[in-house]
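Single-structure report; data block below.
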Amino acid sequence: MPATHNKYFWDGSENLSTRFKVQRMIEYGSFPDMINFPFLEFQEGFEKIDPEKLRTSEKRKRFIIMAKPHIAGSHSWEEIVEKMIA
């Protein structure tokens with residue numbers, strides 16, 4: 001995990017599930033840090049997250065909910081956004 005992401009795991013980063021790390025990045029990460037989180041790890045952890053229960057702004061929650069149908073079949077955030085726009 002890039003050093004810039006360590007600031008979001010103030011309670012340590014040992015033995016954290018992928019789901020927890022992804023949820024923490026969605027809820028607390030800056031937008032650039034969230035989309036720069038390792039994409040394959042994001043996909044893996046996202047499968048176990050209920051976007052409706054995220055503790056984040058309504059705008060970010062809406063973005064994640066709109067992106068959800070495209071996350072599993074994509075290879076990057078760029079591809080997800082392209083699919084959302086299409």
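Labels used: A, B, ... for chains in the order of the structure tokens, numbers from 1 for residues in each chain, and numbers from 1 for ligands as shown.
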Contacts of Arg19 in chain A within 7 Å, only C-alpha atoms, excl. fewer than 5 positions in-chain, as number ranges by chain: A: 45-46, 48-49
Separation of CA of Tyr8 in chain A from CA of Phe63 in chain A in Å: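 Computing it gives 20.2 Å between the two atoms.
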Selected residue of minimal separation from Ile65 in chain A among A:Lys7, A:Val81, A:Leu40, A:Glu52, counting only C-alpha atoms: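 Of all the options, A:Glu52 lies closest to Ile65 in chain A.
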Which of A:Gly29, A:Ile80, A:Lys59, A:Ala72 sits closest to Glu41 in chain A [using only C-alpha atoms]: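 Checking each candidate against Glu41 in chain A, we get A:Ala72 as the closest.
Counting only C-alpha atoms and comparing A:Ala86, A:Ile26, A:Leu16, A:Met34, the residue that lies closest to Arg62 in chain A is A:Ile26.
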Top pick for closest residue to His70 in chain A, considering A:Asp50, A:Gln43, A:Arg55, A:Asp33 and counting only C-alpha atoms: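 Nearest to His70 in chain A: A:Gln43.
CA of Asn15 in chain A is positioned 26.1 Å from CA of His75 in chain A.
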